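protein-v9.csv follows; it contains CSV, C-alpha atoms.
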chain,number,residue,atom,x,y,z
A,1,MET,CA,62.6,165.4,27.1
A,2,THR,CA,65.2,163.7,25.1
A,3,GLY,CA,68.9,163.0,26.0
A,4,THR,CA,71.7,160.6,26.0
A,5,ALA,CA,72.6,158.3,28.8
A,6,CYS,CA,75.7,156.2,29.3
A,7,ARG,CA,74.9,152.8,30.8
A,8,GLY,CA,77.2,149.9,31.7
A,9,GLY,CA,79.4,151.5,34.4
A,10,GLY,CA,81.5,153.5,32.1
A,11,SER,CA,83.3,150.5,30.4
A,12,SER,CA,84.0,150.7,26.7
A,13,ASP,CA,82.9,148.2,24.2
A,14,ILE,CA,86.0,149.0,22.1
A,15,ALA,CA,88.6,146.2,22.3
A,16,PRO,CA,92.2,147.4,22.7
A,17,LEU,CA,94.5,147.1,19.7
A,18,PRO,CA,96.8,144.1,19.7
A,19,GLU,CA,100.5,144.8,20.6
A,20,VAL,CA,102.9,145.3,17.7
A,21,THR,CA,105.9,143.2,18.7
A,22,PRO,CA,109.5,143.3,17.4
A,23,GLY,CA,108.8,140.1,15.6
A,24,HIS,CA,105.9,141.8,13.6
A,25,VAL,CA,108.2,144.6,12.7
A,26,LEU,CA,111.1,142.3,11.6
A,27,ARG,CA,108.7,140.3,9.4
A,28,GLU,CA,107.5,143.5,7.8
A,29,VAL,CA,111.1,144.8,7.2
A,30,ARG,CA,112.0,141.5,5.6
A,31,ARG,CA,109.0,141.9,3.3
A,32,LEU,CA,109.8,145.5,2.3
A,33,PRO,CA,112.5,146.1,-0.2
A,34,LEU,CA,115.3,147.7,1.7
A,35,PRO,CA,117.6,149.7,-0.6
A,36,ARG,CA,120.7,148.2,-2.1
A,37,ALA,CA,123.8,150.3,-2.5
A,38,THR,CA,125.6,150.5,-5.8
A,39,VAL,CA,129.4,150.6,-5.6
A,40,ALA,CA,131.2,153.5,-7.3
A,41,ILE,CA,134.8,152.8,-8.5
A,42,GLN,CA,137.5,155.2,-9.5
A,43,PRO,CA,138.9,154.7,-12.0
A,44,SER,CA,135.7,153.4,-13.5
A,45,GLY,CA,135.7,150.2,-15.5
A,46,ARG,CA,139.3,149.4,-15.3
A,47,THR,CA,142.3,149.9,-13.0
A,48,LEU,CA,146.0,149.2,-12.8
A,49,VAL,CA,147.4,146.5,-10.5
A,50,ASN,CA,149.5,147.5,-7.5
A,51,LEU,CA,147.8,151.0,-7.4
A,52,ASP,CA,145.0,152.1,-5.1
A,53,THR,CA,141.5,151.8,-6.6
A,54,VAL,CA,139.0,154.0,-4.8
A,55,PHE,CA,135.6,152.7,-3.8
A,56,SER,CA,132.6,154.5,-2.4
A,57,THR,CA,128.8,154.4,-2.4
A,58,THR,CA,125.9,156.6,-1.4
A,59,ALA,CA,124.4,155.8,2.0
A,60,PRO,CA,121.0,154.3,1.3
A,61,GLN,CA,118.0,156.0,3.1
A,62,PHE,CA,114.9,154.2,4.3
A,63,ASP,CA,112.0,155.7,6.2
A,64,GLU,CA,108.6,154.2,5.6
A,65,THR,CA,105.3,154.1,7.5
A,66,VAL,CA,103.3,150.8,7.2
A,67,THR,CA,100.2,149.4,8.8
A,68,ILE,CA,100.7,146.5,11.2
A,69,LEU,CA,97.8,145.1,13.1
A,70,GLY,CA,95.7,148.2,12.2
A,71,GLN,CA,98.4,150.6,13.6
A,72,GLN,CA,100.7,153.0,11.9
A,73,VAL,CA,104.3,151.9,12.3
A,74,ARG,CA,107.2,154.1,11.2
A,75,ILE,CA,110.2,152.1,10.3
A,76,VAL,CA,113.6,153.7,9.9
A,77,ALA,CA,116.6,151.7,8.6
A,78,LYS,CA,120.0,153.3,9.2
A,79,PRO,CA,123.1,152.0,7.5
A,80,THR,CA,125.7,151.1,10.1
A,81,ARG,CA,128.2,148.8,8.3
A,82,TYR,CA,129.5,148.5,4.8
A,83,THR,CA,131.1,145.3,3.7
A,84,TRP,CA,133.2,145.8,0.5
A,85,ASP,CA,133.7,142.6,-1.5
A,86,PHE,CA,136.5,143.3,-4.0
A,87,ALA,CA,135.9,140.0,-5.8
A,88,ASP,CA,139.4,138.8,-5.6
A,89,GLY,CA,139.0,136.9,-2.3
A,90,THR,CA,139.3,140.0,0.0
A,91,THR,CA,136.8,142.1,1.8
A,92,LYS,CA,136.9,145.2,4.0
A,93,THR,CA,134.3,146.4,6.5
A,94,THR,CA,133.8,150.1,7.3
A,95,ALA,CA,131.3,152.2,9.2
A,96,THR,CA,131.1,154.8,6.5
A,97,PRO,CA,130.1,154.7,2.8
A,98,GLY,CA,133.5,156.0,1.6
A,99,ARG,CA,133.9,159.1,-0.5
A,100,PRO,CA,135.1,159.6,-4.1
A,101,TYR,CA,138.6,160.6,-4.9
A,102,PRO,CA,140.6,162.4,-3.6
A,103,ALA,CA,139.3,161.2,-0.2
A,104,MET,CA,140.6,157.7,-0.5
A,105,ASP,CA,138.5,156.4,2.5
A,106,VAL,CA,138.1,152.9,1.0
A,107,THR,CA,140.8,151.7,-1.3
A,108,HIS,CA,142.0,148.3,-2.6
A,109,ARG,CA,145.1,147.2,-4.6
A,110,TYR,CA,144.6,144.4,-7.0
A,111,THR,CA,147.6,142.2,-7.7
A,112,LYS,CA,146.7,140.2,-10.8
A,113,ALA,CA,146.4,141.7,-14.2
A,114,ASP,CA,144.1,140.8,-17.0
A,115,ARG,CA,141.2,139.8,-14.8
A,116,THR,CA,137.6,140.8,-14.7
A,117,HIS,CA,136.3,141.4,-11.2
A,118,ARG,CA,132.7,141.9,-9.9
A,119,PRO,CA,133.1,144.0,-6.8
A,120,ARG,CA,130.1,145.0,-4.7
A,121,VAL,CA,129.2,146.6,-1.4
A,122,ASP,CA,126.7,145.0,1.1
A,123,VAL,CA,125.0,147.3,3.6
A,124,THR,CA,124.0,146.3,7.1
A,125,PHE,CA,121.1,148.3,8.6
A,126,THR,CA,120.0,148.8,12.2
A,127,ILE,CA,116.2,149.2,12.4
A,128,SER,CA,114.2,151.4,14.7
A,129,TYR,CA,110.4,151.9,14.8
A,130,SER,CA,107.6,153.6,16.5
A,131,VAL,CA,104.0,152.6,16.8
A,132,ASP,CA,101.3,155.3,16.3
A,133,GLY,CA,103.8,158.1,17.1
A,134,GLY,CA,104.9,156.5,20.3
A,135,PRO,CA,108.5,156.1,21.6
A,136,THR,CA,111.2,154.9,19.3
A,137,GLN,CA,112.3,151.3,19.8
A,138,SER,CA,115.1,149.3,18.2
A,139,LEU,CA,115.2,145.8,16.8
A,140,GLU,CA,118.1,143.7,18.1
A,141,GLN,CA,118.6,142.0,14.8
A,142,THR,CA,120.3,143.8,11.8
A,143,ILE,CA,119.4,143.3,8.2
A,144,THR,CA,122.0,143.2,5.4
A,145,THR,CA,121.2,143.9,1.7
A,146,ARG,CA,123.6,142.6,-0.9
A,147,GLY,CA,124.5,145.3,-3.5
A,148,PRO,CA,124.6,144.7,-7.2
A,149,ALA,CA,128.1,143.8,-8.6
A,150,ALA,CA,130.0,146.2,-10.9
A,151,THR,CA,132.5,145.2,-13.5
A,152,LEU,CA,136.2,146.1,-13.1
A,153,VAL,CA,139.0,144.9,-15.3
A,154,THR,CA,142.6,144.9,-14.0
A,155,ARG,CA,145.5,145.8,-16.3
A,156,GLU,CA,149.2,146.1,-15.9
A,157,ALA,CA,151.1,149.2,-16.9
A,158,THR,CA,154.1,148.6,-19.2
A,159,ALA,CA,157.0,151.0,-19.4
A,160,VAL,CA,157.8,152.0,-23.0
A,161,LEU,CA,161.1,153.6,-23.9
A,162,VAL,CA,160.6,156.5,-26.4
A,163,GLU,CA,163.5,158.2,-28.1
Conversion result in C-alpha coordinates:
Amino acid sequence: MTGTACRGGGSSDIAPLPEVTPGHVLREVRRLPLPRATVAIQPSGRTLVNLDTVFSTTAPQFDETVTILGQQVRIVAKPTRYTWDFADGTTKTTATPGRPYPAMDVTHRYTKADRTHRPRVDVTFTISYSVDGGPTQSLEQTITTRGPAATLVTREATAVLVE
(Lines of atoms letter the chains of each structure in order from A and count residues from 1; the text may use other names and numbers.)
(Lines give C-alpha, C1' and ligand atoms only; values in the text may rest on other atoms or scores of the structure.)
Protein backbone atom coordinates (compact mmCIF):
# COMPACT_ATOMS: atom_id res chain seq x y z
CA MET A 1 0.00 0.00 0.00
CA THR A 2 1.37 3.37 -0.94
CA GLY A 3 0.23 6.80 0.19
CA THR A 4 1.28 10.21 1.36
CA ALA A 5 1.71 11.20 4.93
CA CYS A 6 2.17 14.67 6.38
CA ARG A 7 4.65 14.77 9.22
CA GLY A 8 5.88 17.55 11.41
CA GLY A 9 2.71 18.66 13.18
CA GLY A 10 1.20 20.48 10.21
CA SER A 11 3.73 23.30 10.13
CA SER A 12 4.83 24.60 6.77
CA ASP A 13 8.43 24.80 5.63
CA ILE A 14 7.55 27.83 3.43
CA ALA A 15 8.80 31.09 4.91
CA PRO A 16 6.39 34.02 4.88
CA LEU A 17 7.09 36.75 2.33
CA PRO A 18 8.73 39.88 3.70
CA GLU A 19 6.49 42.90 4.30
CA VAL A 20 6.40 45.54 1.56
CA THR A 21 6.69 48.84 3.43
CA PRO A 22 5.83 52.38 2.31
CA GLY A 23 9.58 53.00 2.12
CA HIS A 24 9.98 50.17 -0.40
CA VAL A 25 7.16 51.63 -2.52
CA LEU A 26 8.54 55.18 -2.32
CA ARG A 27 11.96 53.94 -3.42
CA GLU A 28 10.37 52.17 -6.41
CA VAL A 29 8.27 55.22 -7.36
CA ARG A 30 11.39 57.39 -7.36
CA ARG A 31 13.10 54.84 -9.62
CA LEU A 32 10.18 54.71 -12.07
CA PRO A 33 9.77 57.51 -14.60
CA LEU A 34 6.57 59.27 -13.49
CA PRO A 35 5.04 61.18 -16.40
CA ARG A 36 5.89 64.82 -17.04
CA ALA A 37 3.18 67.17 -18.21
CA THR A 38 3.68 69.35 -21.27
CA VAL A 39 2.25 72.84 -21.06
CA ALA A 40 -0.15 73.97 -23.80
CA ILE A 41 -0.31 77.71 -24.45
CA GLN A 42 -2.93 79.71 -26.36
CA PRO A 43 -2.01 81.61 -28.39
CA SER A 44 0.87 79.29 -29.21
CA GLY A 45 4.42 80.57 -29.55
CA ARG A 46 3.74 84.24 -28.91
CA THR A 47 1.31 86.41 -27.00
CA LEU A 48 0.49 90.07 -26.43
CA VAL A 49 1.31 91.82 -23.18
CA ASN A 50 -1.55 92.86 -20.90
CA LEU A 51 -3.91 90.27 -22.40
CA ASP A 52 -4.80 86.86 -20.96
CA THR A 53 -2.71 83.96 -22.19
CA VAL A 54 -4.40 80.58 -21.64
CA PHE A 55 -2.48 77.63 -20.18
CA SER A 56 -3.52 74.00 -19.91
CA THR A 57 -2.12 70.49 -19.91
CA THR A 58 -3.33 66.91 -20.10
CA ALA A 59 -3.51 65.21 -16.72
CA PRO A 60 -0.76 62.57 -16.71
CA GLN A 61 -1.84 59.01 -15.94
CA PHE A 62 0.28 56.43 -14.13
CA ASP A 63 -0.81 52.89 -13.19
CA GLU A 64 1.97 50.29 -13.07
CA THR A 65 2.45 46.89 -11.48
CA VAL A 66 5.97 46.12 -10.30
CA THR A 67 7.60 43.35 -8.29
CA ILE A 68 8.90 44.33 -4.86
CA LEU A 69 10.34 41.63 -2.57
CA GLY A 70 8.80 38.94 -4.76
CA GLN A 71 5.29 40.41 -4.56
CA GLN A 72 3.15 42.16 -7.17
CA VAL A 73 2.62 45.79 -6.19
CA ARG A 74 0.20 47.97 -8.13
CA ILE A 75 1.22 51.62 -7.95
CA VAL A 76 -1.18 54.39 -8.98
CA ALA A 77 -0.04 58.01 -9.12
CA LYS A 78 -2.85 60.56 -9.24
CA PRO A 79 -2.14 64.19 -10.15
CA THR A 80 -3.43 66.41 -7.34
CA ARG A 81 -1.63 69.73 -7.84
CA TYR A 82 -0.39 71.67 -10.84
CA THR A 83 2.19 74.42 -10.35
CA TRP A 84 2.36 76.75 -13.33
CA ASP A 85 5.66 78.58 -13.70
CA PHE A 86 5.11 81.45 -16.14
CA ALA A 87 8.86 82.16 -16.29
CA ASP A 88 8.49 85.83 -15.47
CA GLY A 89 8.87 85.40 -11.72
CA THR A 90 5.27 84.37 -11.08
CA THR A 91 3.65 81.01 -10.40
CA LYS A 92 0.13 79.75 -9.82
CA THR A 93 -1.04 76.51 -8.21
CA THR A 94 -4.26 74.76 -9.22
CA ALA A 95 -5.97 71.47 -8.47
CA THR A 96 -6.90 70.93 -12.11
CA PRO A 97 -4.95 70.75 -15.39
CA GLY A 98 -6.79 73.68 -16.92
CA ARG A 99 -8.64 73.50 -20.21
CA PRO A 100 -8.01 75.06 -23.61
CA TYR A 101 -9.69 78.27 -24.72
CA PRO A 102 -12.51 79.26 -24.32
CA ALA A 103 -12.47 77.80 -20.77
CA MET A 104 -9.80 80.18 -19.42
CA ASP A 105 -9.25 78.12 -16.23
CA VAL A 106 -5.56 79.04 -16.02
CA THR A 107 -4.51 82.40 -17.44
CA HIS A 108 -1.61 84.78 -17.05
CA ARG A 109 -0.94 88.34 -18.21
CA TYR A 110 2.59 89.16 -19.18
CA THR A 111 3.58 92.80 -18.70
CA LYS A 112 6.88 93.15 -20.57
CA ALA A 113 7.16 93.02 -24.34
CA ASP A 114 9.90 91.60 -26.50
CA ARG A 115 10.87 88.88 -24.06
CA THR A 116 11.26 85.14 -24.54
CA HIS A 117 9.79 83.12 -21.68
CA ARG A 118 10.13 79.39 -20.91
CA PRO A 119 6.87 78.53 -19.05
CA ARG A 120 6.24 75.04 -17.71
CA VAL A 121 3.88 73.09 -15.48
CA ASP A 122 5.05 70.86 -12.62
CA VAL A 123 2.69 68.11 -11.43
CA THR A 124 2.45 66.81 -7.87
CA PHE A 125 1.19 63.24 -7.49
CA THR A 126 -0.33 61.39 -4.56
CA ILE A 127 0.65 57.73 -4.59
CA SER A 128 -1.49 54.74 -3.67
CA TYR A 129 -0.54 51.08 -3.86
CA SER A 130 -1.76 47.58 -3.13
CA VAL A 131 0.28 44.44 -2.52
CA ASP A 132 -0.82 41.22 -4.23
CA GLY A 133 -4.36 42.54 -4.74
CA GLY A 134 -4.76 43.50 -1.07
CA PRO A 135 -6.22 46.71 0.31
CA THR A 136 -5.17 50.05 -1.17
CA GLN A 137 -2.76 52.08 0.92
CA SER A 138 -1.48 55.62 0.46
CA LEU A 139 1.97 57.07 0.80
CA GLU A 140 2.20 60.12 3.03
CA GLN A 141 4.79 61.74 0.75
CA THR A 142 3.91 63.26 -2.62
CA ILE A 143 6.15 63.24 -5.68
CA THR A 144 6.50 66.21 -8.06
CA THR A 145 7.69 65.97 -11.65
CA ARG A 146 9.04 69.03 -13.41
CA GLY A 147 7.53 69.57 -16.84
CA PRO A 148 9.54 70.51 -19.91
CA ALA A 149 9.62 74.21 -20.73
CA ALA A 150 7.88 75.66 -23.76
CA THR A 151 8.92 78.80 -25.60
CA LEU A 152 6.71 81.89 -25.54
CA VAL A 153 7.58 85.33 -26.92
CA THR A 154 5.74 88.42 -25.68
CA ARG A 155 4.92 91.26 -28.05
CA GLU A 156 3.19 94.59 -27.73
CA ALA A 157 0.34 95.57 -30.03
CA THR A 158 0.75 98.94 -31.66
CA ALA A 159 -2.16 100.96 -32.93
CA VAL A 160 -1.85 102.08 -36.56
CA LEU A 161 -4.00 104.81 -38.04
CA VAL A 162 -5.21 103.89 -41.51
CA GLU A 163 -6.93 106.34 -43.82
For a cut-off of 6 Å around (111.3, 151.5, 0.6), file coordinates, pick out all residues using only C-alpha atoms and list them as a count of residues only. 3
When you draw a straight line from CA of His117 in chain A to CA of Ile143 in chain A, how long is it in Å? 25.8 Å
Atom pair CA of Leu48 in chain A + CA of Val121 in chain A, distance 20.5 Å
Smallest atom-to-atom distance to Tyr129 in chain A: which of A:Ala150, A:Leu26, A:Leu32, A:Val162, using all atoms listed in the file? A:Leu26
From A:Val29, A:Val54, A:Ile14, A:Val160, residue lying nearest Met104 in chain A [only C-alpha atoms]: A:Val54
Skipping near chain neighbours, those fewer than 6 positions away, what residues fall within 8 Å of Lys112 in chain A using all atoms listed in the file, listed as a ChimeraX atom specification? /A:49,154-155
Counting only C-alpha atoms, what is within 8 Å of Asp52 in chain A, bar same-chain residues fewer than 5 positions away, as a ChimeraX atom specification? /A:107-110
Produce a file of the selected residues containing C-alpha atoms, as an mmCIF file, keeping the file's coordinate frame.
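Final file, again.cif:
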data_model
loop_
_atom_site.group_PDB
_atom_site.id
_atom_site.type_symbol
_atom_site.label_atom_id
_atom_site.label_comp_id
_atom_site.auth_asym_id
_atom_site.auth_seq_id
_atom_site.Cartn_x
_atom_site.Cartn_y
_atom_site.Cartn_z
ATOM 1 C CA THR A 107 140.800 151.700 -1.300
ATOM 2 C CA HIS A 108 142.000 148.300 -2.600
ATOM 3 C CA ARG A 109 145.100 147.200 -4.600
ATOM 4 C CA TYR A 110 144.600 144.400 -7.000
#
For Asp132 in chain A, which of A:Thr67, A:Thr47, A:Thr145, A:Thr158 is the closest residue, counting all atoms listed in the file? A:Thr67
My list of candidates is A:Gln141, A:Pro18, A:Leu152, A:Thr58. Which is closest to Gln71 in chain A when distances are computed with all atoms listed in the file? A:Pro18
Of the listed residues A:Ser44, A:Thr111, A:Ser128, A:Trp84, that which approaches Asp63 in chain A most closely, counting all atoms listed in the file: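 Among the listed residues, A:Ser128 lies closest to Asp63 in chain A.
Going from CA of Phe55 in chain A over to CA of Val106 in chain A, you cover 5.4 Å.
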Report as CSV: every residue of range 42-109 of chain A with an atom at most 12 Å from range 134-139 of chain A, its closest pair of atoms, and their distance in Å to one decimal, counting all atoms listed in the file, with rows sorted by chain and ascending residue number.
residue,atom,partner,partner_atom,distance
A:Gln71,CA,A:Gly134,CA,11.0
A:Gln72,CA,A:Gly134,CA,10.0
A:Val73,CA,A:Gly134,CA,9.2
A:Arg74,CA,A:Thr136,CA,9.1
A:Ile75,CA,A:Thr136,CA,9.5
A:Val76,CA,A:Ser138,CA,9.5
A:Ala77,CA,A:Ser138,CA,10.0
A:Lys78,CA,A:Ser138,CA,11.0
